[in-house]
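**Q** Starting off with a structure, shown below.
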Amino acid sequence: MQLNVKFFASLSEQTGLKEVTIDAVKAATVMDVWNQATTNMPMPENTLCAINMAYARPDDSINDGDEIAFFPPVTGG
Amino acid sequence: MTAVLRNEPFDPWHELARVEASLDKGKHGACASFVGTMRDFNLGDDIHSMSLEHYPEMTQRFLDNICDQALQRWQLSHCLIIHRFGEIKPGEPIVLTAAWSGHRAEAFEACRFLIEELKARAPFWKKETTATGKRWVHDSADK
């Protein structure tokens with residue numbers, strides 16, 4: 001299962017990742033994707049997740065071709 | 001309804017006048033707007049500049065969505081969001097939200113809804129430059 005994974009802002013700096021494509025053989029949830037992409041780095045508290053540009057939870061299921069994103073709390077406006 | 005992301009300075013008053021001129025005359029009786037401008041201070045420090053990162057496709061989709069919600073919830077003639085990204089200097093506008101309606105109550109409520117939803121959930125992240133370096137802004141809960 002091919003997934004496009006994006007990291008933004010301070011999470012991009014902490015993980016050293018910006019955008020990666022992973023072959024998620026065993027990934028079933030957003031949390032699994034985090035663990036595989038970051039090689040099991042602990043997920044910082046308050047991390048927000050999105051599937052295909054819609055807010056999601058770490059235990060939400062993923063599908064082939066999904067774009068998964070991780071980012072810190074937002075500070076726009 | 002329009003939601004626009006800009007990577008260069010904009011004049012919110014000109015943008016409001018441009019929309020006002022484009023609307024049918026006499027069809028609305030109120031326009032409420034909010035303009036957020038970059039401060040040169042935060043948390044006791046002088047701020048020299050700010051970089052505003054966003055998640056382009058999701059941010060556009062989110063802003064379009066809250067405009068749609070506002071139009072469904074209130075009787076509006078039009079609503080507008082303009083938001084900066086990229087490098088921003090103190091004094092420059094960061095965000096404009098505006099709503100046009102028949103009466104002031106709906107315009108005020110819709111305008112407030114747009115800015116509060118945007119601040120709570122739109123995927124933007126501010127990074128400030130101070131005299132001692134750069135730092136991420138962690139809290140947008142200030143009112």
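Going by the structure tokens order, chains are called A, B, ..., each with residues numbered from 1, while ligands are numbered from 1 in the order shown.
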Tell me the residues of chain B close to chain A, meaning within 8 Å using only C-alpha atoms, as a CSV table (one decimal) with all heavy atoms, in the first residue's frame.
**A**
chain,number,residue,atom,x,y,z
B,36,GLY,N,-6.8,41.2,10.9
B,36,GLY,CA,-5.7,40.8,11.8
B,36,GLY,C,-4.4,41.3,11.2
B,36,GLY,O,-4.0,41.0,10.1
B,52,LEU,N,5.0,32.4,7.9
B,52,LEU,CA,3.7,31.7,8.0
B,52,LEU,C,3.7,30.6,7.1
B,52,LEU,O,3.6,30.7,5.9
B,52,LEU,CB,2.6,32.7,7.8
B,52,LEU,CG,1.2,32.4,8.2
B,52,LEU,CD1,1.1,31.8,9.6
B,52,LEU,CD2,0.3,33.6,8.2
B,53,GLU,N,3.8,29.4,7.7
B,53,GLU,CA,3.7,28.1,6.9
B,53,GLU,C,2.3,27.6,6.8
B,53,GLU,O,1.5,27.9,7.7
B,53,GLU,CB,4.6,27.1,7.5
B,53,GLU,CG,4.6,25.7,6.8
B,53,GLU,CD,5.6,24.7,7.4
B,53,GLU,OE1,6.5,25.1,8.2
B,53,GLU,OE2,5.4,23.5,7.1
B,54,HIS,N,1.9,27.0,5.7
B,54,HIS,CA,0.6,26.4,5.7
B,54,HIS,C,0.6,25.1,4.9
B,54,HIS,O,1.7,24.7,4.3
B,54,HIS,CB,-0.5,27.4,5.1
B,54,HIS,CG,-0.3,27.6,3.6
B,54,HIS,ND1,0.9,27.9,3.0
B,54,HIS,CD2,-1.2,27.6,2.6
B,54,HIS,CE1,0.8,28.1,1.7
B,54,HIS,NE2,-0.5,28.0,1.4
B,55,TYR,N,-0.5,24.4,4.8
B,55,TYR,CA,-0.7,23.1,4.1
B,55,TYR,C,-1.6,23.5,2.9
B,55,TYR,O,-2.8,23.4,3.1
B,55,TYR,CB,-1.3,22.1,5.1
B,55,TYR,CG,-1.6,20.7,4.6
B,55,TYR,CD1,-2.1,19.8,5.4
B,55,TYR,CD2,-1.3,20.3,3.3
B,55,TYR,CE1,-2.4,18.5,5.1
B,55,TYR,CE2,-1.5,19.0,2.9
B,55,TYR,CZ,-2.1,18.1,3.8
B,55,TYR,OH,-2.3,16.8,3.4
B,57,GLU,N,-3.1,22.7,0.0
B,57,GLU,CA,-4.4,22.2,-0.4
B,57,GLU,C,-5.4,22.1,0.7
B,57,GLU,O,-6.6,22.4,0.5
B,57,GLU,CB,-4.2,20.8,-1.1
B,57,GLU,CG,-3.2,20.8,-2.2
B,57,GLU,CD,-1.8,20.6,-1.8
B,57,GLU,OE1,-1.5,20.7,-0.5
B,57,GLU,OE2,-0.9,20.4,-2.6
B,58,MET,N,-5.0,21.7,1.9
B,58,MET,CA,-5.9,21.5,3.0
B,58,MET,C,-6.4,22.9,3.5
B,58,MET,O,-7.6,23.0,3.8
B,58,MET,CB,-5.3,20.7,4.1
B,58,MET,CG,-6.2,20.5,5.3
B,58,MET,SD,-5.5,19.4,6.6
B,58,MET,CE,-6.8,19.5,7.8
B,61,ARG,N,-9.0,24.2,1.1
B,61,ARG,CA,-10.2,23.5,1.2
B,61,ARG,C,-10.9,23.9,2.5
B,61,ARG,O,-12.1,24.0,2.6
B,61,ARG,CB,-9.8,22.0,1.3
B,61,ARG,CG,-11.0,21.0,1.3
B,61,ARG,CD,-10.6,19.6,1.3
B,61,ARG,NE,-9.9,19.2,0.1
B,61,ARG,CZ,-9.7,17.9,-0.2
B,61,ARG,NH1,-10.1,16.9,0.6
B,61,ARG,NH2,-9.1,17.6,-1.3
B,83,HIS,N,-6.0,35.4,3.4
B,83,HIS,CA,-5.0,35.1,4.4
B,83,HIS,C,-3.6,35.0,3.8
B,83,HIS,O,-3.5,34.4,2.7
B,83,HIS,CB,-5.3,33.7,5.1
B,83,HIS,CG,-4.7,33.6,6.4
B,83,HIS,ND1,-3.4,33.5,6.6
B,83,HIS,CD2,-5.3,33.5,7.7
B,83,HIS,CE1,-3.1,33.3,7.9
B,83,HIS,NE2,-4.3,33.3,8.6
B,94,ILE,N,-2.4,40.2,8.1
B,94,ILE,CA,-2.3,38.8,8.0
B,94,ILE,C,-3.6,38.2,7.4
B,94,ILE,O,-3.6,37.3,6.6
B,94,ILE,CB,-2.0,38.1,9.4
B,94,ILE,CG1,-0.7,38.7,9.9
B,94,ILE,CG2,-1.9,36.6,9.2
B,94,ILE,CD1,-0.4,38.2,11.4
B,95,VAL,N,-4.7,38.6,8.0
B,95,VAL,CA,-6.0,38.0,7.6
B,95,VAL,C,-7.1,39.1,7.5
B,95,VAL,O,-7.1,40.0,8.3
B,95,VAL,CB,-6.3,36.9,8.6
B,95,VAL,CG1,-6.5,37.5,10.0
B,95,VAL,CG2,-7.6,36.2,8.2
B,115,ILE,N,-13.6,34.0,11.4
B,115,ILE,CA,-12.2,34.2,12.0
B,115,ILE,C,-12.0,33.2,13.2
B,115,ILE,O,-10.9,32.7,13.3
B,115,ILE,CB,-12.0,35.7,12.5
B,115,ILE,CG1,-10.6,35.9,12.9
B,115,ILE,CG2,-13.0,36.1,13.6
B,115,ILE,CD1,-9.5,35.6,11.9
B,118,LEU,N,-11.3,29.8,11.6
B,118,LEU,CA,-10.0,29.9,11.0
B,118,LEU,C,-8.9,29.7,12.0
B,118,LEU,O,-8.0,28.9,11.9
B,118,LEU,CB,-9.9,31.2,10.2
B,118,LEU,CG,-8.6,31.5,9.4
B,118,LEU,CD1,-9.0,32.5,8.3
B,118,LEU,CD2,-7.5,31.9,10.2
B,119,LYS,N,-9.0,30.5,13.1
B,119,LYS,CA,-8.0,30.5,14.1
B,119,LYS,C,-7.9,29.2,14.9
B,119,LYS,O,-6.8,28.7,15.3
B,119,LYS,CB,-8.1,31.6,15.1
B,119,LYS,CG,-7.8,33.0,14.6
B,119,LYS,CD,-7.7,34.1,15.7
B,119,LYS,CE,-6.4,34.0,16.4
B,119,LYS,NZ,-5.2,34.6,15.7
B,120,ALA,N,-9.0,28.5,15.0
B,120,ALA,CA,-9.1,27.3,15.8
B,120,ALA,C,-8.6,26.1,15.0
B,120,ALA,O,-7.9,25.2,15.5
B,120,ALA,CB,-10.5,27.0,16.2
B,121,ARG,N,-8.8,26.1,13.6
B,121,ARG,CA,-8.5,24.8,12.9
B,121,ARG,C,-7.9,24.9,11.5
B,121,ARG,O,-7.4,23.9,11.0
B,121,ARG,CB,-9.9,24.1,12.7
B,121,ARG,CG,-10.4,23.5,14.0
B,121,ARG,CD,-11.9,23.1,13.9
B,121,ARG,NE,-12.1,22.0,12.9
B,121,ARG,CZ,-11.9,20.7,13.2
B,121,ARG,NH1,-11.4,20.3,14.3
B,121,ARG,NH2,-12.1,19.8,12.2
B,122,ALA,N,-7.7,26.1,11.0
B,122,ALA,CA,-7.1,26.2,9.7
B,122,ALA,C,-5.6,25.9,9.8
B,122,ALA,O,-4.9,26.5,10.7
B,122,ALA,CB,-7.3,27.6,9.1
B,123,PRO,N,-5.1,25.1,8.9
B,123,PRO,CA,-3.7,24.7,9.1
B,123,PRO,C,-2.6,25.7,8.6
B,123,PRO,O,-2.1,25.7,7.5
B,123,PRO,CB,-3.6,23.4,8.2
B,123,PRO,CG,-4.7,23.4,7.3
B,123,PRO,CD,-5.8,24.3,7.9
B,124,PHE,N,-2.4,26.6,9.5
B,124,PHE,CA,-1.3,27.6,9.4
B,124,PHE,C,-0.4,27.5,10.6
B,124,PHE,O,-0.9,27.2,11.7
B,124,PHE,CB,-1.9,29.0,9.4
B,124,PHE,CG,-2.7,29.4,8.2
B,124,PHE,CD1,-4.1,29.4,8.3
B,124,PHE,CD2,-2.1,29.9,7.0
B,124,PHE,CE1,-4.8,29.8,7.2
B,124,PHE,CE2,-2.8,30.3,5.9
B,124,PHE,CZ,-4.2,30.2,6.0
B,125,TRP,N,0.9,27.9,10.5
B,125,TRP,CA,1.8,27.8,11.6
B,125,TRP,C,2.7,29.0,11.5
B,125,TRP,O,3.4,29.2,10.5
B,125,TRP,CB,2.6,26.5,11.6
B,125,TRP,CG,1.7,25.4,11.7
B,125,TRP,CD1,1.1,24.8,12.8
B,125,TRP,CD2,1.2,24.6,10.6
B,125,TRP,NE1,0.3,23.7,12.4
B,125,TRP,CE2,0.4,23.6,11.1
B,125,TRP,CE3,1.5,24.6,9.2
B,125,TRP,CZ2,-0.2,22.7,10.2
B,125,TRP,CZ3,0.9,23.7,8.3
B,125,TRP,CH2,0.0,22.8,8.9
B,126,LYS,N,2.8,29.8,12.6
B,126,LYS,CA,3.6,31.0,12.6
B,126,LYS,C,5.0,30.7,13.3
B,126,LYS,O,5.1,30.1,14.3
B,126,LYS,CB,2.9,32.1,13.5
B,126,LYS,CG,1.6,32.6,12.9
B,126,LYS,CD,0.9,33.5,13.9
B,126,LYS,CE,-0.3,34.1,13.2
B,126,LYS,NZ,-1.2,34.8,14.2
B,136,TRP,N,8.8,28.9,17.0
B,136,TRP,CA,7.5,28.6,16.6
B,136,TRP,C,6.5,29.2,17.6
B,136,TRP,O,6.8,29.2,18.8
B,136,TRP,CB,7.2,27.1,16.5
B,136,TRP,CG,7.9,26.5,15.4
B,136,TRP,CD1,9.0,25.7,15.5
B,136,TRP,CD2,7.5,26.5,14.0
B,136,TRP,NE1,9.4,25.3,14.2
B,136,TRP,CE2,8.5,25.8,13.3
B,136,TRP,CE3,6.5,27.1,13.3
B,136,TRP,CZ2,8.4,25.6,11.9
B,136,TRP,CZ3,6.4,26.9,11.9
B,136,TRP,CH2,7.4,26.2,11.3
B,137,VAL,N,5.4,29.8,17.1
B,137,VAL,CA,4.3,30.2,18.0
B,137,VAL,C,3.5,29.0,18.4
B,137,VAL,O,3.1,28.3,17.5
B,137,VAL,CB,3.5,31.3,17.3
B,137,VAL,CG1,2.3,31.7,18.2
B,137,VAL,CG2,4.3,32.5,17.0
B,138,HIS,N,3.3,28.8,19.7
B,138,HIS,CA,2.6,27.6,20.1
B,138,HIS,C,1.1,27.8,20.5
B,138,HIS,O,0.4,26.8,20.6
B,138,HIS,CB,3.3,27.0,21.3
B,138,HIS,CG,4.7,26.5,21.0
B,138,HIS,ND1,4.9,25.5,20.1
B,138,HIS,CD2,5.9,26.9,21.4
B,138,HIS,CE1,6.2,25.3,20.0
B,138,HIS,NE2,6.8,26.2,20.8
B,139,ASP,N,0.7,29.0,20.6
B,139,ASP,CA,-0.7,29.2,21.1
B,139,ASP,C,-1.4,30.3,20.4
B,139,ASP,O,-0.9,31.4,20.4
B,139,ASP,CB,-0.6,29.5,22.6
B,139,ASP,CG,-2.0,29.5,23.3
B,139,ASP,OD1,-3.0,29.3,22.6
B,139,ASP,OD2,-2.0,29.8,24.5
B,140,SER,N,-2.5,30.0,19.8
B,140,SER,CA,-3.3,31.1,19.1
B,140,SER,C,-4.6,31.3,19.9
B,140,SER,O,-5.5,31.8,19.3
B,140,SER,CB,-3.6,30.7,17.7
B,140,SER,OG,-4.5,29.6,17.6
**Q** If you count only C-alpha atoms, which residues fall within 6 Å of region 86-93 of chain B, apart from same-chain ones fewer than 4 positions away, as an NGL selection string?
**A** :B and (7 or 36-40 or 49-52)
**Q** Out of chain A, which residues get strand (DSSP E or B) from DSSP, as a PyMOL selection string?
**A** chain A and resi 2-7+19-23+29+48-51+54-56+61+67-71
**Q** Between CA of Thr129 (chain B) and CA of His14 (chain B), what is the distance, to one decimal in Å?
**A** 28.7 Å
**Q** I want to know what sits within 8 Å of Glu106 (chain B), based on only C-alpha atoms, with residues of the same chain fewer than 5 positions away left out; could you give that as a PyMOL selection string?
**A** chain B and resi 74-76+101
**Q** Take the residues just selected and output them with N, CA, C and O atoms as a JSON list (two decimals), in the first residue's frame.
**A**
[["chain", "number", "residue", "atom", "x", "y", "z"],
["B", 74, "TRP", "N", -26.21, 31.60, 7.66],
["B", 74, "TRP", "CA", -26.76, 32.95, 7.72],
["B", 74, "TRP", "C", -27.17, 33.40, 6.33],
["B", 74, "TRP", "O", -26.66, 32.89, 5.32],
["B", 75, "GLN", "N", -28.07, 34.36, 6.26],
["B", 75, "GLN", "CA", -28.50, 34.93, 4.97],
["B", 75, "GLN", "C", -27.47, 35.98, 4.56],
["B", 75, "GLN", "O", -27.57, 37.14, 4.96],
["B", 76, "LEU", "N", -26.51, 35.57, 3.77],
["B", 76, "LEU", "CA", -25.43, 36.47, 3.38],
["B", 76, "LEU", "C", -25.46, 36.78, 1.90],
["B", 76, "LEU", "O", -25.80, 35.91, 1.08],
["B", 101, "SER", "N", -24.54, 41.18, 4.59],
["B", 101, "SER", "CA", -25.89, 40.63, 4.78],
["B", 101, "SER", "C", -26.91, 41.76, 4.82],
["B", 101, "SER", "O", -26.56, 42.94, 4.76]]
**Q** If you run DSSP on the backbone, which residues of region 9-69 of chain B are alpha helix (DSSP H), as a ChimeraX atom specification?
**A** /B:12-22,56-69
**Q** When you look at region 15-25 of chain A with a cut-off of 8 Å (counting only C-alpha atoms), what residues show up, excluding the ones that are within fewer than 5 positions of it in the same chain? I need them as a PyMOL selection string.
**A** chain A and resi 1-8+33+36-38+41
**Q** Can you spit out the residues from that selection as a PDB file, in the first residue's frame, using C-alpha atoms?
**A**
ATOM      1  CA  MET A   1       0.000   0.000   0.000  1.00  0.00           C
ATOM      2  CA  GLN A   2       1.573   3.267  -1.173  1.00  0.00           C
ATOM      3  CA  LEU A   3       1.000   6.317   1.023  1.00  0.00           C
ATOM      4  CA  ASN A   4       2.148   9.902   0.731  1.00  0.00           C
ATOM      5  CA  VAL A   5       3.060  11.250   4.178  1.00  0.00           C
ATOM      6  CA  LYS A   6       3.586  14.939   4.985  1.00  0.00           C
ATOM      7  CA  PHE A   7       4.945  16.699   8.070  1.00  0.00           C
ATOM      8  CA  PHE A   8       4.549  20.408   8.772  1.00  0.00           C
ATOM      9  CA  VAL A  33       1.843   5.319   9.431  1.00  0.00           C
ATOM     10  CA  GLN A  36       6.648   3.478  10.158  1.00  0.00           C
ATOM     11  CA  ALA A  37       7.548   6.882   8.704  1.00  0.00           C
ATOM     12  CA  THR A  38       9.385   8.054  11.838  1.00  0.00           C
ATOM     13  CA  MET A  41       9.628   8.083  17.257  1.00  0.00           C
TER      14      MET A  41
END
**Q** Could you list, as a PyMOL selection string, every residue within 12 Å of Glu15 (chain B), counting only C-alpha atoms and ignoring same-chain residues fewer than 4 positions away?
**A** chain B and resi 2+4+9-11+19-22+33+35+79-82+93+95-98
**Q** Quick one: distance from CA of Arg73 (chain B) to CA of Ala107 (chain B) in Å, one decimal?
**A**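 Between CA of Arg73 (chain B) and CA of Ala107 (chain B) the gap works out to 11.3 Å.
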**Q** As a PyMOL selection string, please: the residues near Asp59 (chain A) (cut-off 8 Å, only C-alpha atoms, same-chain neighbours under 4 positions excluded).
**A** chain A and resi 29-31
**Q** Store the residues picked out above, limited to all heavy atoms, as a compact mmCIF listing (two decimals), in the first residue's frame.
**A**
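This is the output file selection37.txt:
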# COMPACT_ATOMS: atom_id res chain seq x y z
N THR A 29 -3.65 1.95 10.42
CA THR A 29 -4.18 3.20 10.98
C THR A 29 -3.19 4.34 10.77
O THR A 29 -2.03 4.13 10.41
CB THR A 29 -4.43 3.07 12.50
OG1 THR A 29 -3.15 2.93 13.15
CG2 THR A 29 -5.32 1.88 12.83
N VAL A 30 -3.66 5.54 11.06
CA VAL A 30 -2.81 6.73 10.98
C VAL A 30 -1.61 6.58 11.92
O VAL A 30 -0.48 6.94 11.57
CB VAL A 30 -3.63 7.99 11.34
CG1 VAL A 30 -2.74 9.21 11.45
CG2 VAL A 30 -4.72 8.22 10.29
N MET A 31 -1.83 6.03 13.09
CA MET A 31 -0.73 5.85 14.06
C MET A 31 0.31 4.90 13.50
O MET A 31 1.52 5.12 13.70
CB MET A 31 -1.30 5.31 15.37
CG MET A 31 -0.33 5.37 16.53
SD MET A 31 0.00 7.07 17.04
CE MET A 31 1.67 6.91 17.66
**Q** Could you state the separation of CA of Asn63 (chain A) and CA of Asn35 (chain A) in Å, given to one decimal place?
**A**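 Computed distance, CA of Asn63 (chain A) to CA of Asn35 (chain A), equals 16.3 Å.
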